[in-house]
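A.B. asks: Quick one: the structure is below, and I'll ask about it shortly.
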Amino acid sequence: LAKHSTQEHVAVALCNLVGGQDELVFDGQSLIYDHQGKLIARAKAFEEDLLIADLSLAPPSRATLLNGAVKLPRAVGRYPAQRRVPRIEPSLPEAEEIYRALVLATRDYARKNGFQRVIVGLSGGIDSALVACIAADALGPENVLGVFLPSRFTSQLSRDSATQIARNLKIQLLEIDIDSLYESALQTLAPVFGEAQPDVTEENIQARVRAVLWMALANKFRALVLTAGNKSELAVGYATLYGDMAGGFSVLKDLTKTRVYQVARWRNTQAAVIPQSILERAPTAELRPDQTDEADLPAPYRDLDRVLEAYVERNQSPKEIAQALQLPEGVVRQIVMLIQKSEYKRRQAPIGPKITPRAFGRDWRQPIVNRFEPH
């Protein structure tokens with residue numbers, strides 16, 4: 001805008017929308033530049049605002065005056081006007097900007113679709129804690145139902161953390177033990193499974209039992225289920241289809257795990273609602289004893305997220321990524337392979353707000369069936 005206003009020697013005003021529409025978030029922050037390319041006014045971010053600025057317009061050129069087709073308006077008003085000092089709202093830090101975008105997106109998606117209440121599956125982990133914060137800020141704590149669904153693998157730390165975040169946010173917390181449902185499913189399948197050894201199948205049954213309960217509560221109480229999966233998990237398929245992916249809106253869908261922690265820490269600067277135990281513990285799905293996310297993944301989140309951003313958002317090749325990040329090319333190719341193989345899961349994931357230059361969804365057009373090598 002500054003470049004165009006300078007080139008054309010005209011003032012430029014950008015009037016932006018405010019609100020969420022499906023995956024898109026319109027952030028407001030309307031702008032006014034003067035004819036010299038100088039920013040003279042900027043409206044508030046993520047809320048409706050009235051922006052007023054007085055402009056010192058350059059006199060019309062001789063060519064304009066000689067052009068009979070151009071009509072120059074004459075000032076005929078006799079109303080006294082007070083000159084206003086242009087207001088430039090400050091830019092927001094990245095973490096705050098992301099958080100406020102997610103709050104706005106969640107509020108508008110729920111309300112515009114007729115939902116007054118939302119359900120958040122609280123696991124005692126960082127993702128669900130952040131989603132609970134966003135939901136409470138978006139819709140009010142009285143409209144958020146936290147649901148804690150422990151199994152035999154759930155630690156006391158997870159129970160304490162889920163209880164504490166619910167108490168801090170003043171949201172209702174419902175606890176239902178899923179062991180009886182899980183055991184019933186295992187017994188029903190035992191004659192069919194026969195001598196087969198337990199594997200990820202049994203882990204996924206737990207996640208899908210939880211999804212059945214979330215959706216039952218959502219049906220009964222006319223609520224929207226908010227999923228807590230992040231971009232890192234969705235990228236490499238570290239999520240259970242029809243399990244933890246089940247829901248109506250995926251709040252963190254475009255946030256890597258690294259960004260989830262950054263945004264959560266910013267939220268705690270406003271009020272320390274996320275317990276330190278959640279921020280410090282190793283991420284775990286708790287679907288088997290002593291499980292941790294990073295033990296199941298090809299690389300720690302700090303490396304996985306850098307590869308993800310380079311491959312998905314900047315369209316770099318595995319070889320370029322390995323050289324730039326000084327990572328083994330084999331590890332990078334393994335991550336890229338998982339990204340490609342997980343497309344079928346992403347196609348069935350709920351929509352979520354777009355935050356980065358390239359989000360999974362409309363920005364990401366890849367085939368599900370592929371037998372090609374990554375470039």
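Labels used: A, B, ... for chains in the order of the structure tokens, numbers from 1 for residues in each chain, and numbers from 1 for ligands as shown.
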Write down as an NGL selection string the residues belonging to range 7-248 of chain A that are assigned helix (DSSP H, G or I) by DSSP computed on the backbone.
C.D. replies: :A and (7-8 or 62-66 or 94-112 or 126-139 or 141-143 or 156-169 or 179-193 or 200-221 or 231-236)
A.B. asks: Tell me which protein, DNA and RNA residues are within 8 Å of range 114-121 of chain A, counting only C-alpha atoms, leaving out same-chain ones fewer than 3 positions away, and put them as a CSV table (one decimal) with N, CA and C atoms, in the first residue's frame.
C.D. replies:
chain,number,residue,atom,x,y,z
A,110,ALA,N,-18.5,-21.1,16.2
A,110,ALA,CA,-19.5,-21.6,17.1
A,110,ALA,C,-20.8,-20.8,17.0
A,111,ARG,N,-20.7,-19.5,17.2
A,111,ARG,CA,-22.0,-18.7,17.3
A,111,ARG,C,-22.7,-18.6,15.9
A,128,SER,N,-4.9,-29.6,24.8
A,128,SER,CA,-6.2,-29.5,25.3
A,128,SER,C,-6.3,-28.3,26.3
A,131,VAL,N,-6.6,-25.2,24.2
A,131,VAL,CA,-7.9,-25.1,23.6
A,131,VAL,C,-9.0,-24.7,24.6
A,132,ALA,N,-8.9,-25.2,25.8
A,132,ALA,CA,-9.8,-24.8,26.9
A,132,ALA,C,-9.7,-23.3,27.2
A,135,ALA,N,-11.3,-21.5,24.3
A,135,ALA,CA,-12.8,-21.7,24.4
A,135,ALA,C,-13.4,-20.8,25.4
A,139,LEU,N,-16.1,-17.9,24.4
A,139,LEU,CA,-17.5,-18.1,24.6
A,139,LEU,C,-17.9,-17.9,26.1
A,143,ASN,N,-19.9,-21.6,29.3
A,143,ASN,CA,-20.3,-22.3,28.1
A,143,ASN,C,-19.3,-23.3,27.6
A,144,VAL,N,-18.4,-23.7,28.5
A,144,VAL,CA,-17.4,-24.7,28.1
A,144,VAL,C,-17.5,-25.8,29.1
A,145,LEU,N,-17.6,-27.0,28.5
A,145,LEU,CA,-17.7,-28.3,29.3
A,145,LEU,C,-16.4,-29.0,29.1
A,146,GLY,N,-15.6,-29.1,30.1
A,146,GLY,CA,-14.4,-30.0,30.0
A,146,GLY,C,-14.7,-31.4,30.4
A,147,VAL,N,-14.2,-32.3,29.6
A,147,VAL,CA,-14.5,-33.8,29.8
A,147,VAL,C,-13.1,-34.5,29.9
A,148,PHE,N,-13.0,-35.1,31.1
A,148,PHE,CA,-11.8,-35.9,31.4
A,148,PHE,C,-12.1,-37.4,31.4
A,149,LEU,N,-11.5,-38.1,30.5
A,149,LEU,CA,-11.9,-39.6,30.3
A,149,LEU,C,-10.7,-40.4,30.6
A,214,TRP,N,-17.6,-38.1,23.7
A,214,TRP,CA,-17.6,-36.7,23.4
A,214,TRP,C,-18.8,-36.4,22.5
A,218,ALA,N,-22.1,-34.2,23.1
A,218,ALA,CA,-22.4,-33.1,22.1
A,218,ALA,C,-23.9,-33.2,21.6
A,222,ARG,N,-26.4,-30.4,22.7
A,222,ARG,CA,-26.3,-29.5,21.6
A,222,ARG,C,-25.1,-28.6,21.7
A,223,ALA,N,-24.0,-29.3,21.8
A,223,ALA,CA,-22.7,-28.6,21.9
A,223,ALA,C,-21.8,-28.9,20.8
A,224,LEU,N,-20.8,-28.1,20.5
A,224,LEU,CA,-19.8,-28.3,19.5
A,224,LEU,C,-18.5,-28.9,20.1
A,225,VAL,N,-18.0,-30.0,19.6
A,225,VAL,CA,-16.8,-30.6,20.1
A,225,VAL,C,-15.6,-29.9,19.5
A,226,LEU,N,-14.7,-29.4,20.3
A,226,LEU,CA,-13.4,-28.8,19.8
A,226,LEU,C,-12.3,-29.8,19.9
A,227,THR,N,-11.7,-30.1,18.8
A,227,THR,CA,-10.6,-31.1,18.9
A,227,THR,C,-9.3,-30.3,19.3
A,228,ALA,N,-8.3,-31.1,19.8
A,228,ALA,CA,-7.1,-30.4,20.3
A,228,ALA,C,-5.8,-30.9,19.5
A.B. asks: Residues at most 10 Å from His4 in chain A, counting only C-alpha atoms, excluding those fewer than 5 positions away in the same chain, as a PyMOL selection string?
C.D. replies: chain A and resi 9-12+33+35-37
A.B. asks: Would you put the residues from that selection into a file with C-alpha atoms, as an mmCIF file, in the first residue's frame?
C.D. replies:
data_model
loop_
_atom_site.group_PDB
_atom_site.id
_atom_site.type_symbol
_atom_site.label_atom_id
_atom_site.label_comp_id
_atom_site.auth_asym_id
_atom_site.auth_seq_id
_atom_site.Cartn_x
_atom_site.Cartn_y
_atom_site.Cartn_z
ATOM 1 C CA HIS A 9 0.654 10.146 -5.291
ATOM 2 C CA VAL A 10 -2.701 9.401 -3.671
ATOM 3 C CA ALA A 11 -3.900 8.495 -0.201
ATOM 4 C CA VAL A 12 -4.899 4.844 0.186
ATOM 5 C CA TYR A 33 -1.576 5.789 4.088
ATOM 6 C CA HIS A 35 0.019 10.339 -0.574
ATOM 7 C CA GLN A 36 3.678 10.075 0.473
ATOM 8 C CA GLY A 37 3.380 6.441 1.526
#
A.B. asks: Give the answer as one residue: which of A:Arg159, A:Lys354, A:Lys253, A:Arg152 has the shortest atom-to-atom distance to Asp179 in chain A, using only C-alpha atoms?
C.D. replies: A:Arg152
A.B. asks: For the interface of range 247-286 of chain A with range 162-166 of chain A (cut-off 12 Å, counting only C-alpha atoms), please tabulate each contacting residue of range 247-286 of chain A alongside its nearest pair of atoms and their separation in Å to one decimal, rows sorted by chain and increasing number, as a Markdown table.
C.D. replies:
| residue | atom | partner | partner_atom | distance |
| --- | --- | --- | --- | --- |
| A:Asn268 | CA | A:Ile165 | CA | 11.6 |
| A:Ala271 | CA | A:Ile165 | CA | 11.8 |
| A:Ala272 | CA | A:Ile165 | CA | 9.8 |
| A:Val273 | CA | A:Ile165 | CA | 6.3 |
| A:Ile274 | CA | A:Ile165 | CA | 5.8 |
| A:Pro275 | CA | A:Ile165 | CA | 6.6 |
| A:Gln276 | CA | A:Ile165 | CA | 10.3 |
| A:Ser277 | CA | A:Gln164 | CA | 10.0 |
| A:Ile278 | CA | A:Ala162 | CA | 9.0 |
| A:Leu279 | CA | A:Ile165 | CA | 11.7 |
A.B. asks: Which residues of range 263-297 of chain A have any atom within 9 Å of an atom in range 229-249 of chain A when counting only C-alpha atoms, and what is the closest pair of atoms for each, with the distance in Å to one decimal? Order the rows by chain and rising number and write it as CSV.
C.D. replies:
residue,atom,partner,partner_atom,distance
A:Asp293,CA,A:Tyr238,CA,8.6
A:Asp296,CA,A:Tyr238,CA,8.6
A:Leu297,CA,A:Tyr238,CA,8.1
A.B. asks: Write out as a PDB file with N, CA and C atoms, in the first residue's frame the residues lying within 9 Å of Leu287 in chain A, counting only C-alpha atoms and excluding same-chain residues fewer than 2 positions away.
C.D. replies:
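Produced file selection_13.pdb, reproduced below:
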ATOM      1  N   SER A 151      -8.208 -43.658  31.618  1.00  0.00           N
ATOM      2  CA  SER A 151      -8.164 -45.106  31.449  1.00  0.00           C
ATOM      3  C   SER A 151      -7.137 -45.658  32.430  1.00  0.00           C
ATOM      4  N   ARG A 152      -6.853 -46.944  32.321  1.00  0.00           N
ATOM      5  CA  ARG A 152      -5.868 -47.572  33.202  1.00  0.00           C
ATOM      6  C   ARG A 152      -4.463 -47.005  32.990  1.00  0.00           C
ATOM      7  N   PHE A 153      -4.248 -46.347  31.850  1.00  0.00           N
ATOM      8  CA  PHE A 153      -2.922 -45.803  31.556  1.00  0.00           C
ATOM      9  C   PHE A 153      -2.781 -44.330  31.945  1.00  0.00           C
ATOM     10  N   THR A 154      -3.846 -43.731  32.437  1.00  0.00           N
ATOM     11  CA  THR A 154      -3.832 -42.309  32.772  1.00  0.00           C
ATOM     12  C   THR A 154      -3.132 -42.092  34.109  1.00  0.00           C
ATOM     13  N   VAL A 200      -0.911 -51.149  18.113  1.00  0.00           N
ATOM     14  CA  VAL A 200      -1.556 -49.836  18.059  1.00  0.00           C
ATOM     15  C   VAL A 200      -3.078 -49.952  17.957  1.00  0.00           C
ATOM     16  N   GLU A 202      -5.144 -51.664  19.844  1.00  0.00           N
ATOM     17  CA  GLU A 202      -5.715 -51.494  21.180  1.00  0.00           C
ATOM     18  C   GLU A 202      -5.596 -50.051  21.660  1.00  0.00           C
ATOM     19  N   GLU A 203      -4.519 -49.382  21.280  1.00  0.00           N
ATOM     20  CA  GLU A 203      -4.362 -47.970  21.651  1.00  0.00           C
ATOM     21  C   GLU A 203      -5.444 -47.119  20.987  1.00  0.00           C
ATOM     22  N   ASN A 204      -5.697 -47.404  19.716  1.00  0.00           N
ATOM     23  CA  ASN A 204      -6.700 -46.623  18.983  1.00  0.00           C
ATOM     24  C   ASN A 204      -8.118 -46.854  19.509  1.00  0.00           C
ATOM     25  N   GLN A 206      -8.971 -47.072  22.570  1.00  0.00           N
ATOM     26  CA  GLN A 206      -9.160 -46.113  23.668  1.00  0.00           C
ATOM     27  C   GLN A 206      -9.562 -44.743  23.133  1.00  0.00           C
ATOM     28  N   ALA A 207      -8.831 -44.284  22.128  1.00  0.00           N
ATOM     29  CA  ALA A 207      -9.119 -42.960  21.564  1.00  0.00           C
ATOM     30  C   ALA A 207     -10.523 -42.912  20.978  1.00  0.00           C
ATOM     31  N   THR A 284       2.547 -36.699  25.925  1.00  0.00           N
ATOM     32  CA  THR A 284       2.224 -38.115  25.865  1.00  0.00           C
ATOM     33  C   THR A 284       0.739 -38.314  25.626  1.00  0.00           C
ATOM     34  N   ALA A 285       0.414 -39.335  24.824  1.00  0.00           N
ATOM     35  CA  ALA A 285      -0.991 -39.673  24.586  1.00  0.00           C
ATOM     36  C   ALA A 285      -1.531 -40.602  25.668  1.00  0.00           C
ATOM     37  N   PRO A 289       1.715 -47.949  28.723  1.00  0.00           N
ATOM     38  CA  PRO A 289       2.608 -47.552  29.810  1.00  0.00           C
ATOM     39  C   PRO A 289       3.867 -46.848  29.299  1.00  0.00           C
ATOM     40  N   ASP A 290       4.247 -45.782  29.999  1.00  0.00           N
ATOM     41  CA  ASP A 290       5.507 -45.058  29.743  1.00  0.00           C
ATOM     42  C   ASP A 290       5.617 -44.537  28.309  1.00  0.00           C
ATOM     43  N   GLN A 291       4.517 -44.181  27.711  1.00  0.00           N
ATOM     44  CA  GLN A 291       4.530 -43.673  26.337  1.00  0.00           C
ATOM     45  C   GLN A 291       4.863 -42.189  26.318  1.00  0.00           C
TER      46      GLN A 291
END
A.B. asks: Counting only C-alpha atoms, which residue out of A:Asp54, A:Ser158, A:Tyr311, A:Ser250 sits closest to Ala324 in chain A?
C.D. replies: A:Tyr311
A.B. asks: Kindly give the distance, in Å, that separates CA of Gln262 in chain A and CA of Leu308 in chain A, rounded to a single decimal.
C.D. replies: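 Answer for the CA of Gln262 in chain A to CA of Leu308 in chain A separation: 16.9 Å.
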A.B. asks: Which residue gives the smallest distance to Pro198 in chain A among A:Arg333, A:Leu50, A:Arg288, A:Gln172, with only C-alpha atoms counted?
C.D. replies: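 Comparing A:Arg333, A:Leu50, A:Arg288, A:Gln172 against Pro198 in chain A, the winner is A:Arg288.
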A.B. asks: Out of A:Thr356, A:Asn168, A:Gln270, A:Asn370, which residue has the shortest atom-to-atom distance to Met337 in chain A when counting only C-alpha atoms?
C.D. replies: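 Ranked by minimum distance to Met337 in chain A, first place goes to A:Asn370.
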A.B. asks: A:Pro298, A:Pro367, A:Pro357, A:Pro141: which is nearest Gly330 in chain A, counting only C-alpha atoms?
C.D. replies: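 Smallest distance to Gly330 in chain A is found for A:Pro298.
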A.B. asks: Name the residues in contact with Leu24 in chain A at a cut-off of 8 Å, using only C-alpha atoms, excluding same-chain residues fewer than 3 positions from it; report them as a VMD selection string.
C.D. replies: chain A and resid 20 to 21 105 353 to 354
A.B. asks: Could you write out the selected residues, including C-alpha atoms, as a tab-separated table (two decimals), in the first residue's frame?
C.D. replies:
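So the final result, stored in again-v1.tsv, reads:
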chain	number	residue	atom	x	y	z
A	20	GLY	CA	-14.09	-15.71	11.23
A	21	GLN	CA	-15.45	-17.48	8.15
A	105	ALA	CA	-12.23	-17.86	14.90
A	353	PRO	CA	-8.44	-21.59	11.44
A	354	LYS	CA	-5.64	-20.75	9.00
A.B. asks: For Asp254 in chain A, which residue among A:Glu320, A:Glu96, A:Asp199, A:Glu23 is the nearest when counting only C-alpha atoms?
C.D. replies: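 Between A:Glu320, A:Glu96, A:Asp199, A:Glu23, the residue approaching Asp254 in chain A most closely is A:Glu23.
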A.B. asks: Expressed in Å to a single decimal, how great is the separation between CA of Glu8 in chain A and CA of Ala45 in chain A?
C.D. replies: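 It comes out at 27.7 Å.
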